[in-house]
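Here the structure comes first, spelled out in structure tokens, and everything after it is commentary.
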Amino acid sequence: MGVRLMVVDDHRLLAEALASALKLRGHRVLAAAAPAAGAAELVVARAPEVCLLGTAAPAEPGAFEPIVRIKRERPQVAVVVLGPVPSPRGIAAAFAAGASGYVRHDERIEGVERALLKARAGESAVAPQLLQGAFAELLNPSEQPDDEGQRLLRMLTPREVEVLVRVAEGEDTRLIARGMAIAPSTARTHVQRVLMKLGVGSRLEAAALAARSGLLDRAPRPRGPGEG
């Protein structure tokens with residue numbers, strides 16, 4: 001039996017893509033919404049069985065305040081967090097707020113689905129390797145925690161960063177070429193290089209990775225055609 005759920009994320013493209021994928025797998029998606037800041041009010045009003053809540057910065061103060069309100073007003077709703085590779089503080093904060101699970105943003109759709117089903121059943125939905133990694137980091141903390149967004153920025157040239165931002169904003173090859181004043185074939189080559197450097201197989205995966213890692217918050221906004 002499918003899960004009655006809501007998908008909430010600051011990046012609408014990702015929320016709608018996840019919602020579509022879960023619908024195809026037989027789940028009833030009540031809403032796919034953005035931004036996440038309005039998640040609590042929407043979830044309280046619609047009362048799904050599970051809320052899949054996306055966050056780009058799980059360790060930031062206040063990141064999980066929506067979960068606190070949801071659990072206070074709709075305690076029967078299970079919340080599964082979808083986020084980047086978490087720090088121990090991020091996982092702890094999610095569960096302290098009342099989350100039932102934490103799924104990495106690069107998890108396959110089958111993994112997301114398993115987490116939703118476990119959360120609906122009242123079980124904790126956290127991959128063992130995430131807990132192991134969290135314990136390892138707590139026991140052997142690094143002096144400078146890795147910043148995934150900064151790491152990705154260092155991998156890409158400025159032009160490739162702009163291409164990735166445009167991909168994340170839903171632009172196709174034609175729009176990328178027009179916005180950057182380059183030939184469509186050149187734009188296509190840039191996109192392929194970005195996918196290769198990020199180690200992903202599709203534009204959607206690249207957009208998800210950019211959103212979850214915080215890269216989009218650090219990257220300069222692309223200029224429109226004709227802007228200096």
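Ligands are numbered from 1 in the order shown, chains are lettered A, B, ... in the order of the structure tokens, and residues start at 1 in each chain.
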What's around Thr55 of chain A at 9 Å? Count only C-alpha atoms, leave out sequence neighbours fewer than 3 positions away in its own chain, and write the answer as a PDB file with C-alpha atoms, in the first residue's frame.
ATOM      1  CA  ASP A   9      12.200  21.349  -0.393  1.00  0.00           C
ATOM      2  CA  ASP A  10      13.611  24.837  -0.958  1.00  0.00           C
ATOM      3  CA  ALA A  36      10.757  24.513   3.104  1.00  0.00           C
ATOM      4  CA  PRO A  58      21.220  20.277   8.539  1.00  0.00           C
ATOM      5  CA  ALA A  63      17.081  24.088  10.315  1.00  0.00           C
ATOM      6  CA  PHE A  64      14.600  21.688  11.887  1.00  0.00           C
ATOM      7  CA  VAL A  81      14.870  14.453   6.369  1.00  0.00           C
ATOM      8  CA  LEU A  82      16.529  14.457   2.957  1.00  0.00           C
ATOM      9  CA  GLY A  83      19.898  16.172   3.145  1.00  0.00           C
ATOM     10  CA  PRO A  84      23.591  16.220   2.317  1.00  0.00           C
ATOM     11  CA  ALA A 211      21.241  22.082  -4.172  1.00  0.00           C
ATOM     12  CA  ARG A 212      22.022  19.690  -1.338  1.00  0.00           C
TER      13      ARG A 212
END
Using DSSP on the backbone, list every residue of segment 7-220 of chain A that comes out as alpha helix (DSSP H), and give them as a ChimeraX atom specification.
-> /A:12-24,39-46,65-73,88-97,109-120,128-139,148-155,158-168,173-180,184-198,203-213,215-218
Could you save those same residues with C-alpha atoms as a short mmCIF file (atom, residue, chain, number, x, y, z; two decimals), in the first residue's frame?
data_model
loop_
_atom_site.label_atom_id
_atom_site.label_comp_id
_atom_site.auth_asym_id
_atom_site.auth_seq_id
_atom_site.Cartn_x
_atom_site.Cartn_y
_atom_site.Cartn_z
CA ARG A 12 11.09 23.34 -6.40
CA LEU A 13 12.69 21.39 -9.25
CA LEU A 14 13.94 18.75 -6.84
CA ALA A 15 10.66 18.60 -4.90
CA GLU A 16 8.62 18.10 -8.06
CA ALA A 17 11.05 15.51 -9.46
CA LEU A 18 10.90 13.47 -6.26
CA ALA A 19 7.13 13.76 -6.15
CA SER A 20 6.83 12.51 -9.74
CA ALA A 21 9.16 9.58 -9.09
CA LEU A 22 7.26 8.55 -5.97
CA LYS A 23 3.89 8.83 -7.73
CA LEU A 24 5.15 6.47 -10.42
CA ALA A 39 6.53 23.32 5.43
CA ALA A 40 5.07 23.18 8.90
CA GLU A 41 1.88 25.09 8.12
CA LEU A 42 1.27 23.05 4.97
CA VAL A 43 1.92 19.70 6.64
CA VAL A 44 -0.27 20.57 9.61
CA ALA A 45 -3.10 21.49 7.23
CA ARG A 46 -2.83 18.43 4.96
CA GLU A 65 12.16 24.11 13.52
CA PRO A 66 9.45 23.01 11.03
CA ILE A 67 9.77 19.46 12.39
CA VAL A 68 9.28 20.67 15.95
CA ARG A 69 6.00 22.37 15.01
CA ILE A 70 4.82 19.44 12.90
CA LYS A 71 5.39 16.97 15.73
CA ARG A 72 3.75 19.31 18.23
CA GLU A 73 0.59 19.83 16.19
CA PRO A 88 26.94 14.09 13.69
CA ARG A 89 25.44 17.41 14.79
CA GLY A 90 23.10 17.37 11.80
CA ILE A 91 21.79 13.88 12.52
CA ALA A 92 21.43 14.64 16.23
CA ALA A 93 19.55 17.86 15.53
CA ALA A 94 17.15 16.13 13.15
CA PHE A 95 16.21 13.43 15.65
CA ALA A 96 16.12 15.84 18.57
CA ALA A 97 13.50 17.83 16.64
CA ILE A 109 14.74 6.38 -5.17
CA GLU A 110 14.43 2.83 -3.80
CA GLY A 111 16.29 3.93 -0.67
CA VAL A 112 14.05 6.95 -0.24
CA GLU A 113 11.01 4.71 -0.62
CA ARG A 114 12.29 2.26 2.01
CA ALA A 115 12.83 5.14 4.44
CA LEU A 116 9.27 6.39 3.90
CA LEU A 117 7.80 2.95 4.53
CA LYS A 118 9.87 2.43 7.68
CA ALA A 119 8.94 5.86 9.01
CA ARG A 120 5.23 5.20 8.42
CA PRO A 128 23.60 1.97 9.24
CA GLN A 129 26.53 3.48 7.36
CA LEU A 130 25.31 6.98 8.20
CA LEU A 131 25.25 6.13 11.89
CA GLN A 132 28.64 4.48 11.64
CA GLY A 133 30.05 7.53 9.91
CA ALA A 134 28.56 9.81 12.53
CA PHE A 135 30.04 7.79 15.38
CA ALA A 136 33.42 7.67 13.63
CA GLU A 137 33.45 11.43 13.24
CA LEU A 138 32.43 11.94 16.85
CA LEU A 139 35.25 9.68 18.03
CA GLU A 148 30.94 19.79 0.15
CA GLY A 149 29.76 22.94 -1.61
CA GLN A 150 33.23 24.49 -1.52
CA ARG A 151 34.80 21.23 -2.68
CA LEU A 152 32.52 21.09 -5.69
CA LEU A 153 33.21 24.74 -6.53
CA ARG A 154 36.92 24.03 -6.56
CA MET A 155 36.37 21.16 -9.02
CA PRO A 158 33.75 29.54 -13.32
CA ARG A 159 32.02 28.82 -16.63
CA GLU A 160 31.11 25.29 -15.53
CA VAL A 161 29.72 26.67 -12.27
CA GLU A 162 27.47 28.99 -14.28
CA VAL A 163 26.35 26.08 -16.43
CA LEU A 164 25.52 24.03 -13.32
CA VAL A 165 23.52 26.89 -11.80
CA ARG A 166 21.55 27.26 -15.04
CA VAL A 167 20.91 23.49 -15.13
CA ALA A 168 19.67 23.65 -11.53
CA THR A 173 20.70 23.54 -23.72
CA ARG A 174 19.14 26.24 -25.90
CA LEU A 175 18.54 28.60 -22.97
CA ILE A 176 22.00 27.95 -21.52
CA ALA A 177 23.56 28.80 -24.88
CA ARG A 178 21.48 31.96 -25.26
CA GLY A 179 22.14 33.14 -21.70
CA MET A 180 25.89 32.59 -21.98
CA PRO A 184 24.37 25.15 -28.34
CA SER A 185 27.06 22.57 -29.12
CA THR A 186 29.44 24.37 -26.75
CA ALA A 187 26.76 24.52 -24.06
CA ARG A 188 26.14 20.79 -24.50
CA THR A 189 29.86 20.10 -24.08
CA HIS A 190 29.99 22.19 -20.90
CA VAL A 191 27.02 20.28 -19.47
CA GLN A 192 28.66 16.92 -20.21
CA ARG A 193 31.90 18.05 -18.54
CA VAL A 194 29.98 19.17 -15.46
CA LEU A 195 28.19 15.82 -15.21
CA MET A 196 31.49 13.98 -15.61
CA LYS A 197 33.29 16.04 -12.95
CA LEU A 198 30.43 15.63 -10.48
CA ARG A 203 21.06 16.90 -15.21
CA LEU A 204 18.54 16.15 -12.48
CA GLU A 205 21.20 14.42 -10.37
CA ALA A 206 23.56 17.35 -10.94
CA ALA A 207 20.87 19.83 -9.85
CA ALA A 208 20.11 17.77 -6.75
CA LEU A 209 23.79 17.56 -5.79
CA ALA A 210 24.29 21.31 -6.30
CA ALA A 211 21.24 22.08 -4.17
CA ARG A 212 22.02 19.69 -1.34
CA SER A 213 25.70 20.60 -1.05
CA LEU A 215 26.82 25.11 -3.92
CA LEU A 216 23.89 27.11 -5.26
CA ASP A 217 24.01 29.39 -2.23
CA ARG A 218 27.69 30.16 -2.88
#
Could you tell me, as an MDAnalysis selection string, which residues of segment 45-191 of chain A DSSP assigns to strand (DSSP E or B) when given the backbone?
-> chainID A and resid 50:54 78:83 101:104 125:126
Output file for the residues above (C-alpha atoms, as a compact mmCIF listing (two decimals), in the first residue's frame):
# COMPACT_ATOMS: atom_id res chain seq x y z
CA VAL A 50 4.95 11.05 6.04
CA CYS A 51 6.65 14.34 5.18
CA LEU A 52 9.89 14.18 3.17
CA LEU A 53 11.65 17.38 4.20
CA GLY A 54 14.67 18.58 2.25
CA ALA A 78 6.46 10.98 10.46
CA VAL A 79 9.15 13.28 9.08
CA VAL A 80 12.07 11.99 7.03
CA VAL A 81 14.87 14.45 6.37
CA LEU A 82 16.53 14.46 2.96
CA GLY A 83 19.90 16.17 3.14
CA GLY A 101 14.67 9.28 9.53
CA TYR A 102 17.52 10.83 7.57
CA VAL A 103 18.25 10.00 3.94
CA ARG A 104 21.19 11.29 1.94
CA ALA A 125 14.88 5.20 8.97
CA VAL A 126 18.61 5.79 8.99
Atom CA of Gly98 of chain A to atom CA of Ala33 of chain A: how many Å, to one decimal?
->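 According to the coordinates, atom CA of Gly98 of chain A and atom CA of Ala33 of chain A are separated by 20.6 Å.
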So how far away is atom CA of His11 of chain A from atom CA of Arg25 of chain A, in Å?
->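 Value for the atom CA of Arg25 of chain A-atom CA of His11 of chain A distance: 21.8 Å.
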Find the residue from A:Ala219, A:Leu5, A:Ala31, A:Ala127 that sits nearest to Glu107 of chain A; use only C-alpha atoms when measuring.
->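 Of A:Ala219, A:Leu5, A:Ala31, A:Ala127, the one nearest Glu107 of chain A is A:Ala127, counting only C-alpha atoms.
You will find atom CA of Met6 of chain A at 28.9 Å from atom CA of Gly199 of chain A.
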